[in-house]
Amino acid sequence: MKYLGCAYYPEYWGVERLKADAKLMKEAGINIVRVGEFAWCRMEPEEGRFTLDWLHETARVMARRGIDLLMCTPTATPPAWLTNAYGDTLLVRANGERARHGSRRHYCPSSDTYRRHCERIVDQLSREMAAHKNVVAWQLDNELGPEMSRCCCENCQARFQAWLRSKYGSLAELNRSWGTGFWSMDYSDWSQVRLSDDTLNFYPSRILDSKRFFSEMMIDFARQQTAVLRRNHPQALVVTNGMGPIYGPIDYYRLFSELDVACDDLYFDIATMDANVAAMNVFRSIKPGKRYWITETGSGALDHNKPPHKDQFRAWAWSGLAHGADAHLIFRWRTCLSGQEQELQGILEHSGEPRHRYQAVKECFLELTKWRKDLADLPLPEAPVAIVQDYNVLWGYESSCVGSAVRYPELIYRLHRELYRRHVVADIIAPDRDLSGYRLVILPSLVMIGDDFAARLIRAVKSGTTVLAVGQTGMRDFNGNYLAEPGPQHLADLLGVKLHGGMYLDSHVGPEEALMFPKHMDSSLSVSLAGELGGASIRGSALVWIGDLELNDGRVLLEFTGDTYRGQPAMVENQTGKGRAVYAAAASLDDELFGGLIDYSLALSEIESGPVTPLHVEVVERGPVTFVVNHTAEAVKVRLNKKGRALIGSYANGCADLPPFGVCVVR
Amino acid sequence: MKYLGCAYYPEYWGVERLKADAKLMKEAGINIVRVGEFAWCRMEPEEGRFTLDWLHETARVMARRGIDLLMCTPTATPPAWLTNAYGDTLLVRANGERARHGSRRHYCPSSDTYRRHCERIVDQLSREMAAHKNVVAWQLDNELGPEMSRCCCENCQARFQAWLRSKYGSLAELNRSWGTGFWSMDYSDWSQVRLSDDTLNFYPSRILDSKRFFSEMMIDFARQQTAVLRRNHPQALVVTNGMGPIYGPIDYYRLFSELDVACDDLYFDIATMDANVAAMNVFRSIKPGKRYWITETGSGALDHNKPPHKDQFRAWAWSGLAHGADAHLIFRWRTCLSGQEQELQGILEHSGEPRHRYQAVKECFLELTKWRKDLADLPLPEAPVAIVQDYNVLWGYESSCVGSAVRYPELIYRLHRELYRRHVVADIIAPDRDLSGYRLVILPSLVMIGDDFAARLIRAVKSGTTVLAVGQTGMRDFNGNYLAEPGPQHLADLLGVKLHGGMYLDSHVGPEEALMFPKHMDSSLSVSLAGELGGASIRGSALVWIGDLELNDGRVLLEFTGDTYRGQPAMVENQTGKGRAVYAAAASLDDELFGGLIDYSLALSEIESGPVTPLHVEVVERGPVTFVVNHTAEAVKVRLNKKGRALIGSYANGCADLPPFGVCVVR
Amino acid sequence: MKYLGCAYYPEYWGVERLKADAKLMKEAGINIVRVGEFAWCRMEPEEGRFTLDWLHETARVMARRGIDLLMCTPTATPPAWLTNAYGDTLLVRANGERARHGSRRHYCPSSDTYRRHCERIVDQLSREMAAHKNVVAWQLDNELGPEMSRCCCENCQARFQAWLRSKYGSLAELNRSWGTGFWSMDYSDWSQVRLSDDTLNFYPSRILDSKRFFSEMMIDFARQQTAVLRRNHPQALVVTNGMGPIYGPIDYYRLFSELDVACDDLYFDIATMDANVAAMNVFRSIKPGKRYWITETGSGALDHNKPPHKDQFRAWAWSGLAHGADAHLIFRWRTCLSGQEQELQGILEHSGEPRHRYQAVKECFLELTKWRKDLADLPLPEAPVAIVQDYNVLWGYESSCVGSAVRYPELIYRLHRELYRRHVVADIIAPDRDLSGYRLVILPSLVMIGDDFAARLIRAVKSGTTVLAVGQTGMRDFNGNYLAEPGPQHLADLLGVKLHGGMYLDSHVGPEEALMFPKHMDSSLSVSLAGELGGASIRGSALVWIGDLELNDGRVLLEFTGDTYRGQPAMVENQTGKGRAVYAAAASLDDELFGGLIDYSLALSEIESGPVTPLHVEVVERGPVTFVVNHTAEAVKVRLNKKGRALIGSYANGCADLPPFGVCVVR
């Protein structure tokens, strides 16, 4: 791992602490600090007056300890003097209220005024800080997104209308594309078309384009700063810190395509470990072949959650390394005394003293430093599987009245979990990514299928790739509207079926029968299915949604055995060229069927699962090195199929022996 | 059943589909289509320019297939050009925000501007469409009501003040009627009296009058269109589509008194079957002696609920017929590709193909068509029981701080359910309806008793009718305020008691005793009661609310055996002339007591229950014909007390034999 | 008990009822009525026209029956004519909406216009009513506080800015004190600093000062009326009615310091009895050595809760007396017919008839009257224990992002409950109160420690007092910010430890492991601890938060046996002079540990517990008299350590014998 570091706020603690802090950092193995992302009011306390001395001093003191800087632009937090003087820099909520000073991310990303001020501070900052050799990278803003709300100001409305005009050309085309013929929705003037601002006005196409517009505004906002930084400091990397496994509001595939490294703020303790691994798989996939950075993670509590034990903290760091991280930055050096995040624990206590968390970080970082050279040139983990995730689909579901019923992200995570527990690495990719090299391509509820993607997918299958499609597939266009012909669009031949529609399986009336009319319950039903997978009989339940399938080519694996679709295909398989496609016409399955389906698909793809382990014990290979990480509180033995010796931990007779939260690295 | 049909949107699908659709409709037994209710922007794309060709074409194509039209006024969805040009046509929410284009029912019903535009489009439309013989009826607007919110604009405020002035004459009288002496509520100027707009300002009388005002605005809005239609197209029926078993916001008894048929949008799958039957009983009761129409029901999913199996769909249709429906219209012909209801399944798929739902509709409709003539002249089911439901009471409870605790609609449904499971038909009527002909009149928590109603009720009892009063009875005036004397107002002699008040049975402190002050729980207590009903000892629990009764005449059936009212009457019976009155001074009872109370009341009324069946198996008689409908997923045998033969299903030796969701019609 | 009474609304019922009501009151033992607190519109129906005849008549009629008056200022409910004419008297909600007429407490407490009107009515009222000898006391307004919302109008903003300016002197000092260096929060102009108005802008110091400002506004508002009353009617007491055990929005210790009696509106049925006793302990502690008044309590339902049985009602009244109440006023004489509280039961029914509640009140009040003389001069219960409660700490926790996780009030009530169940009386006091006389002083999570308080506490310990500190202690400054050195501030020597920080024990990932990322659960973990308390081994669990302790002096009682702090002290004891300090570094414990800790602390303090009884059976001593009150529905025997005879109830052989809800008074 190249970078071990933390976020640092000299503007808060004062330059007097610089030397003592740098010394403690150095001793803990820290070689990079992230600086400046919320410091605007201390960089420019009044318009045009810049006070960057403390930053120069920080760079110098750090340089003396051999510590690099990830410099940040401070645009997430405009100063009070700015937003007070220029009200149009503040975002306006859906209800018309303008935000006020007092939090962060309260700016309007489309405001020309705000962009002008951002450009000025970024220009000044980068011109000055480029002089320091240890400024190796720039971070744009902080966690770009609609933290306080998406802006609905009149400036955004006008930009949205211009954006629509440029996208659709004419209102007639917009009306046609959005399908405005029901409920008298036709627009007769561009000014009538406004950003979706009301949960009651849930017009799918309008919400979908509003989401696209917001994402583009943010990317455009980032682009402007990137241009300044590349001009003033061409030798530095330009990055920004993302979130999530799948972050909804911004198309990260597009955002990071203009930046140098995919970075994730990944707090390991706010999700289960399979979701954390999904996050690392996403960020490793965003920029193919490149290592990602973990730009924020916690050594302590995010708020009132229990901080990790030091062994757990260490296990997370090794998992990060195993999956391809090249930086591991702790948020933050010292716990702030005041402000909204005064409970978010840094490495040091409020008092500035090093205690348990400092010890945990230090031991972990020194160990990682010790092995840095030996593990420097490992290839990234090889992913034989790609899971296709499309922002159009995500936003489409979010824009639809019943979209949440589909549970799109959950289905992705559910499928990913089956691979995770089998130690099979998956890329999570946008549909425009190259599909070659994958043995298995999974399409979870990919309800919109572009023709280009379809063509590339079919080509891949012809040359031997396996496809597994699950749930709603090729039923909508890219305006979020249903197709006027049966699905799966572009893939009917590949999957060998016609998809006539389907049915959701929620019920307004519960099994216990709510007595009273206004208190009806929502409950989920299931439909039975049965058949054969890989030679073995299997039966189980489909959940959430099932498809109304008609078989063309290929063969039925399982069929529905109950309700309206009784006797119709439920899972089918079809051959095209050297490859096969499996389609499960259900948006969810019971656990046994999910497992069987993944086992069968892996077998078709000739992908071997890793050793059998308890859930949340990881086995990851990077070239000659195998990482075994135990995220559970129980000791565990893991039998590997390799000869080798333990660099770290205990490995003998092909068996790694791990204590609770233990790590074993075998070469 | 005279009409079998569906909603149809040629403005959405284009006239090109007309002929193909009409052919498929005809083949499926459809003889009416509902057209136009959301099509304003395609009828009048700009102010004063009318484009009704597609409608004429629709009428002509349908005529050729022998299909009638239920034409709609499109006023539920004003076009964007209209609301943008005339802002005062849009409703204003309680918080002052004006609604925007993008949904439906976002107009202000009191707006003169909006009414003027409505009058113009209705006038043009009806003048043109009256020329088509197959336009047999008109539907006003769509599901009139406060779908987006009740309007609180200044125009509505002024109208409300004028309405109050005309109702009360003077502020002194308003202050007296509303009882404004507590909390310094006196009004000294009409402008101070505004529509209730704030949950914190829950002044009972003000909320109650605000609800009355809204209902009257809506009825007035409907009346204006009715006048135009009757003038331009006198030979057509004028209707509108209602909702619910008991729809809260508009007094349907008054609304439908000015219209020709009571119509209900009744989606059978969003409530239990007894609530659906309650709905049919309500709509059959609204216009005495007339059949009702089911103007909307689903053959598929309303959103993400599981669509019915075709046998279940058929059972619902036969139940509709059994209860007196004369029309059964499916919402909608084809599933829209776009818009807010893109998930709401029509008869055809998104693709326009006929699949499972088309088959289900076709089989059902052809069967109904086959039997149309034989079952055409059946009398309506006879209801020996009336359940009295008063909008004043409903709105009164909704306006009171603890009104929801009474669970007024639930009590009505609860009592109805006991009749439903005994196959005893009940009318659900307003108190101003003629009471003669009912053997049993039930008053569920009728907390306001008008003098005229009381007089008619007493007269009915004198001539032999039984009365069953349950819960709070005659305790409030029609301003929603409590009476300054003991209840039950006007009925003390009839029920033979004085009602001094009572107590609710909720508790702020749970049985487990919440430890901490701010986390107290709400939990419901019960009070025991015991006595004799029809010769048998019975004991059980009263729930929700119990009354503080003092006996005058008559006799005690059960008395309270616990708490403060121990030893006081809980259920009493009194004789007046030839009839008797039973009063249960509890707003809810345990199941056994509810059952016993209804059995006892039916016995007093000499009403015989139908055969014993599992719940949700219906037995309904219409003259010589008995309908048996099984709404359960289990096969069932039902023994009938009649000779006859099965028109449909299997009937032998007095026993109907029904498969799951089966139907048996015996003459 | 000196006063037995009720709230009475002659302005609502009319003077015609006066005589009949007074007669019934007299017969029920009532000797005081509270009058006028919502009657403004009937006192001054238009500006400057006063109509107080009905009040004079009320005073005269009551005087004739020997009934005193607690007169109220009517300022909780400005008339419609006032708020309509002077819009700036209405409060403005955080979202900018101005309140409207229709509820109560909708005024802006900082409005000069409103204060001017208040001064006028209070002046007129007190000048006139001072003439009546039976007007013995004045109540200011009613339940002062932010019932509808804290006002955020521009006038309040300006006052807040002026208040800050006077508090901090300069913006530089405000920025320093609030710690604005993170997230670019520096203020550069006073106008930028606004009242906290947005849950997203949760800046701790700003919220804390906003809370302080609101409390001061309210106290200032009260002060203005007090001045008028003291001038016009010097011989009358001036009071106001408070709420809660610990009422959050106003510093009652400061408010009541300017008034004559501490009064609580204490509805016994909305909390468990230990919380009610906590309330009485708070109000008895507010004005040391003085009896408190219960200015409102219910004889019936507050809304839809079940009213108490008369024995329960009596038990509450005797508990009030036992704890030092000198007045017991029922809210309200008769149940109002109309208005927001039409369900809140008075003593009489809506009809004005006396029924069960009248009987309950009458029996109870006549009994209390009978014993009035005998029990008149009892000393107050002696409290050997003080629980220190600080509004700065309460508001600090409320202002912090994770403050609610600490559960500050719950911890106070939890510790109080252990004393309550042992019949040990505790004062609940502000830190500026005299500590002498207490044998045990408990600091529940006293996260802010002032130097003066610390000095007095240390002095007390030196002379033999025991201190028990629990949870977060001395970690924050009075701006709500963490200290830049280890805690416990000012108490490190006393407690013999350094407190380096700590950890919360919530978990984002549940024990069952939520499958999906967005659905992570919050669940609470525990950490084990073990050791010895008073010679006995004990082990158990710490919850919510644990401290990172380093021992200096003293000795470890228990240590953590799990997780990161394994082996560190969890509970410590230290001696200073004649006294000892015990510190439990956990914000919550399991029940056994809480019990053990209190037992141990009482033993150190040489305080004896009362007899062992079931929970919610009270034993309270006032001088020679012992009150035993059974709040449970089971009969119970209680063995007392005293000779004596029962004034009330049954006492023989040292054993009090109580039926359900029974009372026994032994002298």
# chains A, B, ... in the order shown; residues from 1 in each chain; ligands from 1

$ closest_atom_pairs --of "chain A" --to "chain C" --cutoff "6 Å" --atoms "only C-alpha atoms" --output "Markdown table"
| residue | atom | partner | partner_atom | distance |
| --- | --- | --- | --- | --- |
| A:Tyr12 | CA | C:Gly181 | CA | 4.8 |
| A:Phe38 | CA | C:Trp183 | CA | 4.8 |
| A:Ala39 | CA | C:Ser184 | CA | 5.4 |
| A:Trp40 | CA | C:Ser184 | CA | 5.9 |
| A:Cys41 | CA | C:Ser184 | CA | 5.1 |
| A:Thr77 | CA | C:Ser184 | CA | 5.8 |
| A:Pro79 | CA | C:Ser184 | CA | 5.8 |
| A:Gly102 | CA | C:Asn201 | CA | 5.2 |
| A:Ser103 | CA | C:Asn201 | CA | 5.0 |
| A:Ile270 | CA | C:His508 | CA | 5.1 |
| A:Ala271 | CA | C:Phe517 | CA | 5.4 |
| A:Ala275 | CA | C:Phe517 | CA | 5.9 |
| A:His304 | CA | C:Tyr504 | CA | 5.0 |
| A:Asn305 | CA | C:Asp506 | CA | 4.3 |
| A:Lys306 | CA | C:Leu505 | CA | 4.5 |
| A:His309 | CA | C:Thr564 | CA | 5.9 |
| A:Leu337 | CA | C:Tyr482 | CA | 4.5 |
| A:Ser338 | CA | C:Asn481 | CA | 4.9 |
| A:Gly339 | CA | C:Tyr203 | CA | 5.6 |
| A:Gln340 | CA | C:Tyr203 | CA | 5.3 |
| A:His350 | CA | C:Ala484 | CA | 5.6 |
| A:Ser351 | CA | C:Glu485 | CA | 4.2 |
| A:Glu410 | CA | C:Met516 | CA | 6.0 |

$ write_last_selection --atoms "N, CA and C atoms" --output "tab-separated table (two decimals), in the first residue's frame"
chain	number	residue	atom	x	y	z
A	12	TYR	N	-7.66	24.36	12.17
A	12	TYR	CA	-8.46	24.25	13.39
A	12	TYR	C	-7.55	24.22	14.63
A	38	PHE	N	-12.07	21.89	4.23
A	38	PHE	CA	-13.15	22.70	4.79
A	38	PHE	C	-12.63	24.05	5.27
A	39	ALA	N	-11.51	24.50	4.73
A	39	ALA	CA	-10.80	25.61	5.37
A	39	ALA	C	-10.98	26.95	4.68
A	40	TRP	N	-11.99	27.10	3.87
A	40	TRP	CA	-12.10	28.32	3.06
A	40	TRP	C	-12.03	29.59	3.91
A	41	CYS	N	-12.76	29.63	5.01
A	41	CYS	CA	-12.81	30.87	5.80
A	41	CYS	C	-11.47	31.19	6.44
A	77	THR	N	-17.52	24.07	1.69
A	77	THR	CA	-17.95	24.93	2.80
A	77	THR	C	-17.65	26.40	2.51
A	79	PRO	N	-17.61	30.29	2.97
A	79	PRO	CA	-17.64	31.09	4.20
A	79	PRO	C	-18.94	31.89	4.30
A	102	GLY	N	-24.30	27.50	8.05
A	102	GLY	CA	-24.38	26.76	9.29
A	102	GLY	C	-24.14	25.27	9.15
A	103	SER	N	-23.96	24.81	7.91
A	103	SER	CA	-23.69	23.40	7.72
A	103	SER	C	-22.65	23.27	6.61
A	270	ILE	N	-20.10	0.56	9.13
A	270	ILE	CA	-21.51	0.90	8.96
A	270	ILE	C	-22.24	-0.05	8.02
A	271	ALA	N	-21.59	-1.12	7.62
A	271	ALA	CA	-22.28	-2.13	6.82
A	271	ALA	C	-21.64	-3.48	7.11
A	275	ALA	N	-20.86	-6.02	2.05
A	275	ALA	CA	-21.15	-4.74	1.41
A	275	ALA	C	-19.87	-3.92	1.28
A	304	HIS	N	-21.98	7.60	17.42
A	304	HIS	CA	-22.15	6.92	18.71
A	304	HIS	C	-22.04	5.40	18.56
A	305	ASN	N	-21.45	4.96	17.46
A	305	ASN	CA	-21.23	3.52	17.34
A	305	ASN	C	-19.95	3.12	18.07
A	306	LYS	N	-19.87	1.89	18.43
A	306	LYS	CA	-18.68	1.40	19.12
A	306	LYS	C	-17.51	1.38	18.15
A	309	HIS	N	-12.35	-2.83	17.64
A	309	HIS	CA	-11.18	-3.34	18.35
A	309	HIS	C	-9.99	-3.25	17.39
A	337	LEU	N	-12.97	19.39	18.93
A	337	LEU	CA	-13.64	19.72	20.19
A	337	LEU	C	-15.05	20.22	19.96
A	338	SER	N	-15.27	20.81	18.80
A	338	SER	CA	-16.52	21.55	18.55
A	338	SER	C	-17.07	21.15	17.19
A	339	GLY	N	-18.20	21.71	16.88
A	339	GLY	CA	-18.75	21.52	15.54
A	339	GLY	C	-19.59	20.26	15.42
A	340	GLN	N	-20.15	20.11	14.23
A	340	GLN	CA	-21.13	19.05	14.01
A	340	GLN	C	-20.55	17.65	14.20
A	350	HIS	N	-9.59	13.98	22.06
A	350	HIS	CA	-9.84	15.42	22.13
A	350	HIS	C	-8.64	16.15	22.74
A	351	SER	N	-8.04	15.51	23.68
A	351	SER	CA	-6.92	16.14	24.39
A	351	SER	C	-5.66	16.21	23.55
A	410	GLU	N	-30.36	-3.91	-3.70
A	410	GLU	CA	-30.33	-5.11	-2.86
A	410	GLU	C	-30.07	-6.36	-3.70

$ select_by_dssp --residues "stretch 296-381 of chain A" --states "strand (DSSP E or B)" --output "ChimeraX atom specification"
/A:296-297,305,325-330,334,348,354

$ write_last_selection --atoms "N, CA, C and O atoms" --output "PDB file, in the first residue's frame"
ATOM      1  N   GLU A 296     -11.181   7.854   3.177  1.00  0.00           N
ATOM      2  CA  GLU A 296     -11.621   8.023   4.569  1.00  0.00           C
ATOM      3  C   GLU A 296     -12.042   6.680   5.104  1.00  0.00           C
ATOM      4  O   GLU A 296     -12.814   5.954   4.481  1.00  0.00           O
ATOM      5  N   THR A 297     -11.540   6.377   6.292  1.00  0.00           N
ATOM      6  CA  THR A 297     -12.091   5.270   7.052  1.00  0.00           C
ATOM      7  C   THR A 297     -11.874   5.603   8.515  1.00  0.00           C
ATOM      8  O   THR A 297     -11.140   6.548   8.829  1.00  0.00           O
ATOM      9  N   ASN A 305     -21.448   4.963  17.460  1.00  0.00           N
ATOM     10  CA  ASN A 305     -21.230   3.522  17.340  1.00  0.00           C
ATOM     11  C   ASN A 305     -19.946   3.125  18.066  1.00  0.00           C
ATOM     12  O   ASN A 305     -19.047   3.936  18.263  1.00  0.00           O
ATOM     13  N   ALA A 325      -6.452  -1.795  -2.714  1.00  0.00           N
ATOM     14  CA  ALA A 325      -6.301  -0.405  -2.269  1.00  0.00           C
ATOM     15  C   ALA A 325      -4.840  -0.002  -2.302  1.00  0.00           C
ATOM     16  O   ALA A 325      -3.962  -0.795  -1.991  1.00  0.00           O
ATOM     17  N   ASP A 326      -4.615   1.242  -2.652  1.00  0.00           N
ATOM     18  CA  ASP A 326      -3.246   1.764  -2.663  1.00  0.00           C
ATOM     19  C   ASP A 326      -3.075   2.900  -1.671  1.00  0.00           C
ATOM     20  O   ASP A 326      -2.016   3.496  -1.591  1.00  0.00           O
ATOM     21  N   ALA A 327      -4.169   3.195  -0.960  1.00  0.00           N
ATOM     22  CA  ALA A 327      -4.079   4.233   0.082  1.00  0.00           C
ATOM     23  C   ALA A 327      -5.117   3.901   1.132  1.00  0.00           C
ATOM     24  O   ALA A 327      -6.191   3.377   0.825  1.00  0.00           O
ATOM     25  N   HIS A 328      -4.778   4.222   2.349  1.00  0.00           N
ATOM     26  CA  HIS A 328      -5.657   3.925   3.484  1.00  0.00           C
ATOM     27  C   HIS A 328      -5.565   5.130   4.414  1.00  0.00           C
ATOM     28  O   HIS A 328      -4.628   5.247   5.195  1.00  0.00           O
ATOM     29  N   LEU A 329      -6.545   6.048   4.277  1.00  0.00           N
ATOM     30  CA  LEU A 329      -6.494   7.283   5.059  1.00  0.00           C
ATOM     31  C   LEU A 329      -7.556   7.290   6.148  1.00  0.00           C
ATOM     32  O   LEU A 329      -8.737   7.072   5.876  1.00  0.00           O
ATOM     33  N   ILE A 330      -7.096   7.556   7.345  1.00  0.00           N
ATOM     34  CA  ILE A 330      -8.002   7.604   8.483  1.00  0.00           C
ATOM     35  C   ILE A 330      -8.637   8.995   8.541  1.00  0.00           C
ATOM     36  O   ILE A 330      -7.961  10.006   8.406  1.00  0.00           O
ATOM     37  N   ARG A 334      -7.143  14.086  14.734  1.00  0.00           N
ATOM     38  CA  ARG A 334      -7.507  14.333  16.142  1.00  0.00           C
ATOM     39  C   ARG A 334      -8.986  14.674  16.211  1.00  0.00           C
ATOM     40  O   ARG A 334      -9.519  15.330  15.326  1.00  0.00           O
ATOM     41  N   LEU A 348      -6.175  10.665  17.505  1.00  0.00           N
ATOM     42  CA  LEU A 348      -5.873  11.179  18.849  1.00  0.00           C
ATOM     43  C   LEU A 348      -7.163  11.544  19.574  1.00  0.00           C
ATOM     44  O   LEU A 348      -8.200  11.790  18.963  1.00  0.00           O
ATOM     45  N   PRO A 354      -2.187  10.505  22.437  1.00  0.00           N
ATOM     46  CA  PRO A 354      -2.314   9.226  21.736  1.00  0.00           C
ATOM     47  C   PRO A 354      -2.747   8.161  22.736  1.00  0.00           C
ATOM     48  O   PRO A 354      -2.092   7.971  23.762  1.00  0.00           O
TER      49      PRO A 354
END

$ residues_around --residues "C:Cys364" --least-positions-apart "4" --cutoff "9 Å" --atoms "only C-alpha atoms" --output "PyMOL selection string"
chain C and resi 28-29+310-311+313-314+317-318+359-360+368-369

$ select_by_dssp --residues "stretch 44-143 of chain A" --states "helix (DSSP H, G or I)" --output "JSON, numbers by chain"
{"A": [53, 54, 55, 56, 57, 58, 59, 60, 61, 62, 63, 64, 80, 81, 82, 83, 84, 85, 87, 88, 89, 112, 113, 114, 115, 116, 117, 118, 119, 120, 121, 122, 123, 124, 125, 126, 127, 128, 129]}

$ atom_distance --atom1 "atom CA of B:Gly324" --atom2 "atom CA of B:Lys637"
24.2 Å

$ atom_distance --atom1 "atom CA of B:Phe560" --atom2 "atom CA of B:Glu573"
15.2 Å

$ residues_around --residues "stretch 448-450 of chain C" --least-positions-apart "2" --cutoff "10 Å" --atoms "only C-alpha atoms" --output "JSON, numbers by chain"
{"C": [390, 392, 393, 394, 396, 431, 432, 443, 445, 446, 452, 453, 454, 455, 472, 473, 474, 475, 476, 477, 478, 479, 480, 481, 482, 483, 487, 488, 489, 490, 491]}

$ write_last_selection --atoms "C-alpha atoms" --output "PDB file, in the first residue's frame"
ATOM      1  CA  ASP C 390     -27.659  21.050  35.263  1.00  0.00           C
ATOM      2  CA  ASN C 392     -26.294  23.481  30.749  1.00  0.00           C
ATOM      3  CA  VAL C 393     -25.690  19.768  30.589  1.00  0.00           C
ATOM      4  CA  LEU C 394     -29.244  18.991  29.498  1.00  0.00           C
ATOM      5  CA  GLY C 396     -25.601  20.552  25.846  1.00  0.00           C
ATOM      6  CA  PRO C 431     -25.109  22.703  40.788  1.00  0.00           C
ATOM      7  CA  ASP C 432     -25.159  26.186  42.260  1.00  0.00           C
ATOM      8  CA  LEU C 443     -23.564  13.388  39.571  1.00  0.00           C
ATOM      9  CA  SER C 445     -23.355  12.218  33.520  1.00  0.00           C
ATOM     10  CA  LEU C 446     -22.389  15.707  34.660  1.00  0.00           C
ATOM     11  CA  ASP C 452     -17.082  26.887  41.755  1.00  0.00           C
ATOM     12  CA  PHE C 453     -19.205  23.777  41.914  1.00  0.00           C
ATOM     13  CA  ALA C 454     -16.109  21.617  41.967  1.00  0.00           C
ATOM     14  CA  ALA C 455     -14.624  23.606  44.841  1.00  0.00           C
ATOM     15  CA  GLN C 472     -19.478  11.224  31.304  1.00  0.00           C
ATOM     16  CA  THR C 473     -18.000  13.589  33.852  1.00  0.00           C
ATOM     17  CA  GLY C 474     -16.175  16.872  33.270  1.00  0.00           C
ATOM     18  CA  MET C 475     -15.468  16.390  29.575  1.00  0.00           C
ATOM     19  CA  ARG C 476     -17.034  19.492  28.003  1.00  0.00           C
ATOM     20  CA  ASP C 477     -16.868  23.229  28.496  1.00  0.00           C
ATOM     21  CA  PHE C 478     -19.958  25.363  28.920  1.00  0.00           C
ATOM     22  CA  ASN C 479     -20.136  26.038  25.183  1.00  0.00           C
ATOM     23  CA  GLY C 480     -20.888  22.362  24.742  1.00  0.00           C
ATOM     24  CA  ASN C 481     -17.440  21.704  23.336  1.00  0.00           C
ATOM     25  CA  TYR C 482     -15.003  19.046  24.417  1.00  0.00           C
ATOM     26  CA  LEU C 483     -12.027  20.040  26.527  1.00  0.00           C
ATOM     27  CA  GLY C 487     -11.157  14.990  32.267  1.00  0.00           C
ATOM     28  CA  PRO C 488     -12.774  14.961  34.668  1.00  0.00           C
ATOM     29  CA  GLN C 489     -12.247  18.701  34.713  1.00  0.00           C
ATOM     30  CA  HIS C 490     -11.712  20.047  38.220  1.00  0.00           C
ATOM     31  CA  LEU C 491     -12.480  16.634  39.690  1.00  0.00           C
TER      32      LEU C 491
END

$ atom_distance --atom1 "atom CA of A:Pro109" --atom2 "atom CA of C:Arg93"
28.0 Å

$ residues_around --residues "A:Glu57" --least-positions-apart "5" --cutoff "12 Å" --atoms "only C-alpha atoms" --output "compact mmCIF listing (two decimals) with C-alpha atoms, in the first residue's frame"
# COMPACT_ATOMS: atom_id res chain seq x y z
CA PRO A 10 -4.13 22.69 10.93
CA GLU A 11 -6.56 25.56 10.39
CA GLY A 14 -3.22 26.05 14.82
CA VAL A 15 0.33 25.91 13.51
CA GLU A 16 1.70 25.58 17.04
CA ARG A 17 0.70 21.91 17.05
CA LEU A 18 2.28 21.20 13.64
CA LYS A 19 5.63 19.85 14.77
CA ALA A 22 4.06 15.58 12.47
CA THR A 51 -4.16 33.89 4.18
CA LEU A 52 -2.32 30.75 3.16
CA MET A 62 5.30 17.74 6.78
CA ALA A 63 7.99 17.73 4.14
CA ARG A 64 10.59 17.64 6.86
CA MET A 129 0.66 25.17 -3.25
CA HIS A 132 5.54 22.34 -2.63
